[in-house]
file my_file-v1.pdb (PDB, C-alpha atoms, pLDDT in the B column)
ATOM      1  CA  MET A   1       0.510 -29.739 -24.125  1.00 48.00           C
ATOM      2  CA  THR A   2       3.026 -28.155 -21.742  1.00 47.00           C
ATOM      3  CA  GLU A   3       5.181 -30.608 -19.800  1.00 50.00           C
ATOM      4  CA  ALA A   4       6.958 -30.221 -16.479  1.00 46.00           C
ATOM      5  CA  ILE A   5      10.697 -30.501 -16.033  1.00 42.00           C
ATOM      6  CA  PRO A   6      11.310 -33.741 -14.100  1.00 48.00           C
ATOM      7  CA  GLN A   7      13.683 -32.224 -11.513  1.00 47.00           C
ATOM      8  CA  ALA A   8      12.306 -30.527  -8.411  1.00 43.00           C
ATOM      9  CA  ILE A   9      13.368 -27.065  -9.617  1.00 52.00           C
ATOM     10  CA  PRO A  10      11.313 -24.103 -10.793  1.00 64.00           C
ATOM     11  CA  GLN A  11      10.497 -24.334 -14.473  1.00 88.00           C
ATOM     12  CA  ALA A  12      12.734 -22.051 -16.504  1.00 95.00           C
ATOM     13  CA  ILE A  13      11.761 -23.646 -19.820  1.00 96.00           C
ATOM     14  CA  GLN A  14       8.286 -24.806 -20.802  1.00 96.00           C
ATOM     15  CA  PHE A  15       8.135 -27.622 -23.332  1.00 96.00           C
ATOM     16  CA  GLN A  16       5.435 -28.293 -25.879  1.00 97.00           C
ATOM     17  CA  LEU A  17       5.786 -31.242 -28.272  1.00 98.00           C
ATOM     18  CA  GLY A  18       3.797 -30.815 -31.458  1.00 98.00           C
ATOM     19  CA  ASP A  19       2.186 -33.602 -33.453  1.00 97.00           C
ATOM     20  CA  ASP A  20       4.946 -33.056 -36.043  1.00 98.00           C
ATOM     21  CA  GLY A  21       7.646 -33.967 -33.492  1.00 98.00           C
ATOM     22  CA  ILE A  22       8.916 -30.396 -33.106  1.00 98.00           C
ATOM     23  CA  LEU A  23       9.670 -29.554 -29.490  1.00 98.00           C
ATOM     24  CA  LEU A  24       8.948 -25.918 -28.666  1.00 98.00           C
ATOM     25  CA  ALA A  25      11.115 -24.798 -25.741  1.00 98.00           C
ATOM     26  CA  THR A  26      10.084 -21.442 -24.283  1.00 97.00           C
ATOM     27  CA  ILE A  27      12.592 -19.908 -21.874  1.00 97.00           C
ATOM     28  CA  ASP A  28      10.737 -18.046 -19.118  1.00 97.00           C
ATOM     29  CA  LEU A  29      12.699 -17.805 -15.869  1.00 95.00           C
ATOM     30  CA  PRO A  30      10.174 -17.380 -13.041  1.00 93.00           C
ATOM     31  CA  GLY A  31      10.440 -14.411 -10.721  1.00 91.00           C
ATOM     32  CA  ARG A  32      12.708 -12.439 -13.043  1.00 92.00           C
ATOM     33  CA  ALA A  33      11.904  -9.634 -15.482  1.00 93.00           C
ATOM     34  CA  MET A  34      14.583 -10.961 -17.824  1.00 94.00           C
ATOM     35  CA  ASN A  35      15.880 -14.419 -18.689  1.00 95.00           C
ATOM     36  CA  VAL A  36      19.442 -14.911 -17.425  1.00 94.00           C
ATOM     37  CA  LEU A  37      21.747 -17.899 -17.184  1.00 92.00           C
ATOM     38  CA  ASN A  38      21.932 -19.256 -13.662  1.00 91.00           C
ATOM     39  CA  GLU A  39      21.650 -22.649 -11.942  1.00 89.00           C
ATOM     40  CA  ILE A  40      17.933 -22.865 -12.735  1.00 92.00           C
ATOM     41  CA  THR A  41      18.220 -22.100 -16.438  1.00 94.00           C
ATOM     42  CA  GLY A  42      21.366 -24.236 -16.673  1.00 92.00           C
ATOM     43  CA  ALA A  43      19.475 -27.245 -15.309  1.00 93.00           C
ATOM     44  CA  ALA A  44      16.585 -26.552 -17.672  1.00 95.00           C
ATOM     45  CA  ILE A  45      18.934 -26.339 -20.672  1.00 96.00           C
ATOM     46  CA  GLU A  46      20.468 -29.657 -19.608  1.00 95.00           C
ATOM     47  CA  THR A  47      16.983 -31.194 -19.480  1.00 95.00           C
ATOM     48  CA  MET A  48      16.179 -29.760 -22.915  1.00 97.00           C
ATOM     49  CA  VAL A  49      19.373 -31.066 -24.507  1.00 97.00           C
ATOM     50  CA  GLN A  50      18.961 -34.493 -22.949  1.00 97.00           C
ATOM     51  CA  ARG A  51      15.385 -34.734 -24.189  1.00 97.00           C
ATOM     52  CA  VAL A  52      16.325 -33.729 -27.736  1.00 98.00           C
ATOM     53  CA  GLU A  53      19.158 -36.269 -27.718  1.00 97.00           C
ATOM     54  CA  THR A  54      17.197 -39.209 -26.301  1.00 97.00           C
ATOM     55  CA  ASP A  55      13.486 -38.834 -27.058  1.00 98.00           C
ATOM     56  CA  PRO A  56      12.673 -40.501 -30.398  1.00 98.00           C
ATOM     57  CA  ALA A  57       9.404 -38.531 -30.573  1.00 98.00           C
ATOM     58  CA  VAL A  58      11.418 -35.294 -30.823  1.00 98.00           C
ATOM     59  CA  LYS A  59      12.350 -34.658 -34.452  1.00 98.00           C
ATOM     60  CA  GLY A  60      13.552 -31.077 -34.015  1.00 98.00           C
ATOM     61  CA  LEU A  61      13.704 -28.149 -31.611  1.00 98.00           C
ATOM     62  CA  VAL A  62      12.595 -24.513 -31.654  1.00 98.00           C
ATOM     63  CA  ILE A  63      13.854 -22.315 -28.797  1.00 98.00           C
ATOM     64  CA  THR A  64      12.213 -18.992 -27.990  1.00 98.00           C
ATOM     65  CA  SER A  65      11.521 -16.757 -25.000  1.00 97.00           C
ATOM     66  CA  GLY A  66       8.382 -16.009 -23.038  1.00 97.00           C
ATOM     67  CA  LYS A  67       9.768 -12.603 -22.045  1.00 97.00           C
ATOM     68  CA  LYS A  68      10.350  -9.418 -24.060  1.00 96.00           C
ATOM     69  CA  ASP A  69      14.046 -10.329 -24.394  1.00 96.00           C
ATOM     70  CA  PHE A  70      15.471 -13.685 -25.455  1.00 97.00           C
ATOM     71  CA  LEU A  71      18.252 -14.243 -22.893  1.00 96.00           C
ATOM     72  CA  ALA A  72      20.487 -11.534 -21.484  1.00 90.00           C
ATOM     73  CA  GLY A  73      23.445 -13.740 -20.563  1.00 87.00           C
ATOM     74  CA  ALA A  74      24.862 -14.677 -17.183  1.00 84.00           C
ATOM     75  CA  ASP A  75      23.163 -13.717 -13.936  1.00 82.00           C
ATOM     76  CA  LEU A  76      25.423 -11.032 -12.461  1.00 78.00           C
ATOM     77  CA  GLU A  77      24.544 -12.153  -8.934  1.00 77.00           C
ATOM     78  CA  GLY A  78      26.043 -15.578  -9.703  1.00 71.00           C
ATOM     79  CA  ILE A  79      29.152 -14.070 -11.259  1.00 76.00           C
ATOM     80  CA  ARG A  80      29.861 -12.213  -8.012  1.00 78.00           C
ATOM     81  CA  ASP A  81      30.033 -15.579  -6.226  1.00 80.00           C
ATOM     82  CA  ILE A  82      32.892 -16.791  -8.447  1.00 83.00           C
ATOM     83  CA  SER A  83      36.143 -16.341  -6.550  1.00 83.00           C
ATOM     84  CA  THR A  84      38.713 -18.302  -8.582  1.00 90.00           C
ATOM     85  CA  ALA A  85      39.689 -18.710 -12.201  1.00 90.00           C
ATOM     86  CA  GLN A  86      39.098 -22.463 -11.841  1.00 91.00           C
ATOM     87  CA  GLN A  87      35.471 -21.894 -10.790  1.00 87.00           C
ATOM     88  CA  ALA A  88      34.897 -19.649 -13.803  1.00 83.00           C
ATOM     89  CA  PHE A  89      36.502 -22.192 -16.112  1.00 88.00           C
ATOM     90  CA  ASP A  90      34.481 -25.100 -14.689  1.00 85.00           C
ATOM     91  CA  LEU A  91      31.181 -23.223 -15.077  1.00 82.00           C
ATOM     92  CA  SER A  92      31.997 -22.239 -18.643  1.00 84.00           C
ATOM     93  CA  MET A  93      32.860 -25.843 -19.522  1.00 91.00           C
ATOM     94  CA  VAL A  94      29.480 -27.114 -18.263  1.00 90.00           C
ATOM     95  CA  MET A  95      27.728 -24.708 -20.637  1.00 90.00           C
ATOM     96  CA  LYS A  96      30.161 -25.481 -23.458  1.00 94.00           C
ATOM     97  CA  ARG A  97      29.443 -29.227 -23.170  1.00 95.00           C
ATOM     98  CA  GLN A  98      25.680 -28.650 -23.218  1.00 96.00           C
ATOM     99  CA  LEU A  99      25.891 -26.439 -26.287  1.00 96.00           C
ATOM    100  CA  ARG A 100      28.183 -28.832 -28.135  1.00 97.00           C
ATOM    101  CA  ARG A 101      25.778 -31.708 -27.430  1.00 97.00           C
ATOM    102  CA  LEU A 102      22.899 -29.650 -28.849  1.00 98.00           C
ATOM    103  CA  GLU A 103      24.946 -28.772 -31.923  1.00 97.00           C
ATOM    104  CA  LYS A 104      25.877 -32.419 -32.572  1.00 97.00           C
ATOM    105  CA  CYS A 105      22.597 -34.135 -31.570  1.00 96.00           C
ATOM    106  CA  GLY A 106      21.619 -34.929 -35.158  1.00 97.00           C
ATOM    107  CA  LYS A 107      18.262 -33.118 -34.922  1.00 98.00           C
ATOM    108  CA  PRO A 108      17.682 -29.609 -36.269  1.00 98.00           C
ATOM    109  CA  ALA A 109      17.529 -26.810 -33.708  1.00 98.00           C
ATOM    110  CA  VAL A 110      16.254 -23.305 -34.452  1.00 98.00           C
ATOM    111  CA  ALA A 111      16.442 -20.216 -32.227  1.00 98.00           C
ATOM    112  CA  VAL A 112      13.777 -17.532 -32.646  1.00 98.00           C
ATOM    113  CA  ILE A 113      15.373 -14.392 -31.235  1.00 98.00           C
ATOM    114  CA  HIS A 114      13.705 -11.189 -30.115  1.00 97.00           C
ATOM    115  CA  GLY A 115      14.920  -8.378 -27.872  1.00 96.00           C
ATOM    116  CA  MET A 116      18.299  -8.693 -26.179  1.00 96.00           C
ATOM    117  CA  CYS A 117      20.340 -11.821 -26.735  1.00 97.00           C
ATOM    118  CA  PHE A 118      23.758 -11.431 -25.172  1.00 96.00           C
ATOM    119  CA  GLY A 119      26.617 -13.547 -23.876  1.00 92.00           C
ATOM    120  CA  GLY A 120      25.595 -17.098 -23.063  1.00 92.00           C
ATOM    121  CA  GLY A 121      22.157 -16.456 -24.556  1.00 95.00           C
ATOM    122  CA  PHE A 122      23.803 -15.627 -27.870  1.00 96.00           C
ATOM    123  CA  GLU A 123      26.042 -18.682 -27.509  1.00 96.00           C
ATOM    124  CA  LEU A 124      22.902 -20.815 -27.088  1.00 97.00           C
ATOM    125  CA  THR A 125      21.558 -19.488 -30.389  1.00 98.00           C
ATOM    126  CA  LEU A 126      24.901 -20.148 -32.097  1.00 97.00           C
ATOM    127  CA  ALA A 127      24.683 -23.813 -31.035  1.00 97.00           C
ATOM    128  CA  CYS A 128      21.424 -24.031 -32.981  1.00 98.00           C
ATOM    129  CA  HIS A 129      21.535 -24.922 -36.662  1.00 98.00           C
ATOM    130  CA  HIS A 130      19.400 -21.948 -37.705  1.00 98.00           C
ATOM    131  CA  ARG A 131      18.626 -18.582 -36.165  1.00 98.00           C
ATOM    132  CA  ILE A 132      15.707 -16.286 -36.880  1.00 98.00           C
ATOM    133  CA  ALA A 133      16.155 -12.772 -35.487  1.00 97.00           C
ATOM    134  CA  VAL A 134      13.100 -10.547 -35.555  1.00 95.00           C
ATOM    135  CA  THR A 135      13.335  -6.827 -36.251  1.00 94.00           C
ATOM    136  CA  GLY A 136      14.858  -5.063 -33.278  1.00 94.00           C
ATOM    137  CA  ALA A 137      16.745  -8.076 -31.922  1.00 96.00           C
ATOM    138  CA  ARG A 138      20.094  -7.142 -30.400  1.00 96.00           C
ATOM    139  CA  LEU A 139      22.841  -9.791 -30.451  1.00 96.00           C
ATOM    140  CA  GLY A 140      26.300  -9.713 -28.984  1.00 93.00           C
ATOM    141  CA  THR A 141      29.034 -11.007 -26.752  1.00 90.00           C
ATOM    142  CA  PRO A 142      29.756  -8.126 -24.383  1.00 86.00           C
ATOM    143  CA  GLU A 143      32.134 -10.212 -22.299  1.00 77.00           C
ATOM    144  CA  VAL A 144      34.593 -10.303 -25.182  1.00 70.00           C
TER     145      VAL A 144
END
call {"tool": "encode", "arguments": {"input": "my_file-v1.pdb", "output": "structure tokens"}}
result
Amino acid sequence: MTEAIPQAIPQAIQFQLGDDGILLATIDLPGRAMNVLNEITGAAIETMVQRVETDPAVKGLVITSGKKDFLAGADLEGIRDISTAQQAFDLSMVMKRQLRRLEKCGKPAVAVIHGMCFGGGFELTLACHHRIAVTGARLGTPEV
């Protein structure tokens, strides 16, 4: 059963809770050919992390993508809107806190990676406890 994100935002992640308590989170940013990190996906990741942390029915998490690539990193359109170092720092800290919460939630998280997985998308997979990269997956941190 696919469940809606409670906020009034477009769904960037579809959730399916299996009978075994494993929450399947499929990243699929609407209206885009590729998944990128932006306000919509950031809110969806927050919802995902909060659910894993607080829902006793969730015993573990598997994150994957509904597109040909996993997650290409930050939305370049959003990066252009950043005008100060403080703004960049504040945005990075929001993501860092979400990823640290996922890492420390006490429930196993697995990323199933296919296609491109760069930047913040790769960081999301590194916050998981296990990663499965299919043949042809490309991983990296180009911003470094």
call {"tool": "closest_residue", "arguments": {"input": "my_file-v1.pdb", "among": "A:Gln16, A:Gln50, A:Gln98, A:Ser92", "to": "Leu124 (chain A)", "atoms": "all atoms listed in the file"}}
result
A:Gln98
call {"tool": "closest_residue", "arguments": {"input": "my_file-v1.pdb", "among": "A:Val94, A:Lys107, A:Asp69, A:Ile13", "to": "Glu53 (chain A)", "atoms": "all atoms listed in the file"}}
result
A:Lys107
call {"tool": "atom_distance", "arguments": {"input": "my_file-v1.pdb", "atom1": "CA of Ala137 (chain A)", "atom2": "CA of His114 (chain A)"}}
result
4.7 Å
call {"tool": "residues_around", "arguments": {"input": "my_file-v1.pdb", "residues": "region 21-26 of chain A", "least_positions_apart": "2", "cutoff": "6 Å", "atoms": "only C-alpha atoms", "output": "MDAnalysis selection string"}}
result
chainID A and resid 13:19 57:66
call {"tool": "resolve_selection", "arguments": {"input": "my_file-v1.pdb", "expression": "the PyMOL selection byres ((chain A and resi 119) around 6)", "output": "JSON, numbers by chain"}}
result
{"A": [73, 118, 120, 121, 122, 141]}
call {"tool": "residues_around", "arguments": {"input": "my_file-v1.pdb", "residues": "region 37-42 of chain A", "least_positions_apart": "2", "cutoff": "8 Å", "atoms": "only C-alpha atoms", "output": "PDB file with C-alpha atoms, in the coordinates of the input"}}
result
ATOM      1  CA  ILE A   9      13.368 -27.065  -9.617  1.00 52.00           C
ATOM      2  CA  PRO A  10      11.313 -24.103 -10.793  1.00 64.00           C
ATOM      3  CA  GLN A  11      10.497 -24.334 -14.473  1.00 88.00           C
ATOM      4  CA  ALA A  12      12.734 -22.051 -16.504  1.00 95.00           C
ATOM      5  CA  ILE A  13      11.761 -23.646 -19.820  1.00 96.00           C
ATOM      6  CA  LEU A  29      12.699 -17.805 -15.869  1.00 95.00           C
ATOM      7  CA  ASN A  35      15.880 -14.419 -18.689  1.00 95.00           C
ATOM      8  CA  ALA A  44      16.585 -26.552 -17.672  1.00 95.00           C
ATOM      9  CA  ILE A  45      18.934 -26.339 -20.672  1.00 96.00           C
ATOM     10  CA  GLU A  46      20.468 -29.657 -19.608  1.00 95.00           C
ATOM     11  CA  LEU A  71      18.252 -14.243 -22.893  1.00 96.00           C
ATOM     12  CA  ALA A  72      20.487 -11.534 -21.484  1.00 90.00           C
ATOM     13  CA  GLY A  73      23.445 -13.740 -20.563  1.00 87.00           C
ATOM     14  CA  ALA A  74      24.862 -14.677 -17.183  1.00 84.00           C
ATOM     15  CA  ASP A  75      23.163 -13.717 -13.936  1.00 82.00           C
ATOM     16  CA  GLY A  78      26.043 -15.578  -9.703  1.00 71.00           C
ATOM     17  CA  MET A  95      27.728 -24.708 -20.637  1.00 90.00           C
ATOM     18  CA  GLY A 120      25.595 -17.098 -23.063  1.00 92.00           C
ATOM     19  CA  GLY A 121      22.157 -16.456 -24.556  1.00 95.00           C
TER      20      GLY A 121
END
call {"tool": "resolve_selection", "arguments": {"input": "my_file-v1.pdb", "expression": "the PyMOL selection byres ((chain A and resi 112) around 6)", "output": "list in words"}}
result
Thr64, Ala111, Ile113 and Ile132 of chain A
call {"tool": "atom_distance", "arguments": {"input": "my_file-v1.pdb", "atom1": "CA of Gln87 (chain A)", "atom2": "CA of Arg51 (chain A)"}}
result
27.3 Å
call {"tool": "closest_residue", "arguments": {"input": "my_file-v1.pdb", "among": "A:Lys67, A:Met48, A:Ala85, A:Arg80", "to": "Leu99 (chain A)", "atoms": "all atoms listed in the file"}}
result
A:Met48
call {"tool": "atom_distance", "arguments": {"input": "my_file-v1.pdb", "atom1": "CA of Val134 (chain A)", "atom2": "CA of Pro30 (chain A)"}}
result
23.7 Å
call {"tool": "closest_residue", "arguments": {"input": "my_file-v1.pdb", "among": "A:Val49, A:Met34, A:Gly136, A:Ile79", "to": "Arg101 (chain A)", "atoms": "only C-alpha atoms"}}
result
A:Val49
call {"tool": "closest_residue", "arguments": {"input": "my_file-v1.pdb", "among": "A:Gly115, A:Pro56, A:Leu126, A:Leu102", "to": "Lys68 (chain A)", "atoms": "only C-alpha atoms"}}
result
A:Gly115
call {"tool": "axis_aligned_box", "arguments": {"input": "my_file-v1.pdb", "around": "region 50-66 of chain A", "padding_each_side": "4 Å", "output": "AutoDock Vina command-line options"}}
result
--center_x 13.8 --center_y -28.3 --center_z -28.7 --size_x 18.8 --size_y 32.5 --size_z 19.5
call {"tool": "closest_residue", "arguments": {"input": "my_file-v1.pdb", "among": "A:Ala109, A:Val36, A:Met93, A:Leu139", "to": "Leu76 (chain A)", "atoms": "all atoms listed in the file"}}
result
A:Val36
call {"tool": "decode", "arguments": {"input": "my_file-v1.pdb", "residues": "region 121-132 of chain A", "atoms": "all heavy atoms", "output": "CSV table (one decimal), in the first residue's frame"}}
result
chain,number,residue,atom,x,y,z
A,121,GLY,N,23.0,12.9,-2.9
A,121,GLY,CA,22.4,11.6,-3.1
A,121,GLY,C,23.3,10.5,-2.5
A,121,GLY,O,22.9,9.6,-1.9
A,122,PHE,N,24.6,10.7,-2.8
A,122,PHE,CA,25.6,9.8,-2.3
A,122,PHE,C,25.7,9.9,-0.8
A,122,PHE,O,25.8,8.9,-0.1
A,122,PHE,CB,27.0,10.0,-3.0
A,122,PHE,CG,28.0,9.0,-2.6
A,122,PHE,CD1,27.8,7.7,-2.6
A,122,PHE,CD2,29.3,9.4,-2.4
A,122,PHE,CE1,28.8,6.7,-2.3
A,122,PHE,CE2,30.3,8.5,-2.1
A,122,PHE,CZ,30.0,7.2,-2.0
A,123,GLU,N,25.6,11.1,-0.3
A,123,GLU,CA,25.6,11.3,1.2
A,123,GLU,C,24.5,10.6,1.9
A,123,GLU,O,24.6,10.0,2.9
A,123,GLU,CB,25.6,12.8,1.5
A,123,GLU,CG,26.9,13.5,1.2
A,123,GLU,CD,26.9,14.9,1.5
A,123,GLU,OE1,26.4,15.3,2.6
A,123,GLU,OE2,27.3,15.7,0.6
A,124,LEU,N,23.3,10.6,1.2
A,124,LEU,CA,22.1,9.9,1.7
A,124,LEU,C,22.4,8.4,1.8
A,124,LEU,O,22.1,7.8,2.9
A,124,LEU,CB,20.9,10.1,0.8
A,124,LEU,CG,19.6,9.3,1.2
A,124,LEU,CD1,19.1,9.6,2.6
A,124,LEU,CD2,18.5,9.6,0.1
A,125,THR,N,23.0,7.8,0.8
A,125,THR,CA,23.4,6.4,0.9
A,125,THR,C,24.4,6.1,2.0
A,125,THR,O,24.3,5.0,2.6
A,125,THR,CB,23.9,5.9,-0.5
A,125,THR,OG1,25.1,6.4,-0.8
A,125,THR,CG2,22.9,6.2,-1.6
A,126,LEU,N,25.3,7.0,2.2
A,126,LEU,CA,26.3,6.8,3.2
A,126,LEU,C,25.8,6.9,4.6
A,126,LEU,O,26.3,6.3,5.5
A,126,LEU,CB,27.5,7.8,3.1
A,126,LEU,CG,28.3,7.7,1.8
A,126,LEU,CD1,29.3,8.8,1.7
A,126,LEU,CD2,29.0,6.3,1.8
A,127,ALA,N,24.6,7.5,4.8
A,127,ALA,CA,23.9,7.6,6.1
A,127,ALA,C,23.2,6.2,6.4
A,127,ALA,O,22.8,6.0,7.5
A,127,ALA,CB,23.0,8.7,6.2
A,128,CYS,N,23.0,5.5,5.3
A,128,CYS,CA,22.4,4.1,5.5
A,128,CYS,C,23.4,3.2,6.0
A,128,CYS,O,24.6,3.4,5.9
A,128,CYS,CB,21.8,3.6,4.2
A,128,CYS,SG,20.5,4.6,3.5
A,129,HIS,N,22.9,2.1,6.6
A,129,HIS,CA,23.8,1.1,7.3
A,129,HIS,C,24.4,0.1,6.2
A,129,HIS,O,25.5,-0.5,6.5
A,129,HIS,CB,23.1,0.4,8.4
A,129,HIS,CG,22.5,1.3,9.4
A,129,HIS,ND1,21.2,1.8,9.3
A,129,HIS,CD2,23.1,2.0,10.4
A,129,HIS,CE1,21.0,2.7,10.3
A,129,HIS,NE2,22.2,2.8,11.0
A,130,HIS,N,23.7,0.0,5.1
A,130,HIS,CA,24.2,-0.9,4.1
A,130,HIS,C,23.8,-0.3,2.7
A,130,HIS,O,22.8,0.4,2.6
A,130,HIS,CB,23.5,-2.3,4.1
A,130,HIS,CG,23.8,-3.0,5.4
A,130,HIS,ND1,25.0,-3.6,5.7
A,130,HIS,CD2,23.1,-3.1,6.6
A,130,HIS,CE1,25.0,-4.1,6.9
A,130,HIS,NE2,23.8,-3.8,7.5
A,131,ARG,N,24.7,-0.5,1.7
A,131,ARG,CA,24.4,0.0,0.4
A,131,ARG,C,24.6,-1.2,-0.6
A,131,ARG,O,25.5,-2.0,-0.5
A,131,ARG,CB,25.5,1.1,0.0
A,131,ARG,CG,25.2,2.4,0.8
A,131,ARG,CD,26.5,3.2,1.1
A,131,ARG,NE,27.4,2.5,2.0
A,131,ARG,CZ,27.2,2.4,3.3
A,131,ARG,NH1,26.2,2.9,3.9
A,131,ARG,NH2,28.1,1.8,4.1
A,132,ILE,N,23.7,-1.2,-1.5
A,132,ILE,CA,23.7,-2.2,-2.6
A,132,ILE,C,23.8,-1.4,-3.9
A,132,ILE,O,22.8,-0.7,-4.2
A,132,ILE,CB,22.5,-3.2,-2.6
A,132,ILE,CG1,22.4,-3.9,-1.3
A,132,ILE,CG2,22.6,-4.1,-3.8
A,132,ILE,CD1,21.1,-4.7,-1.1
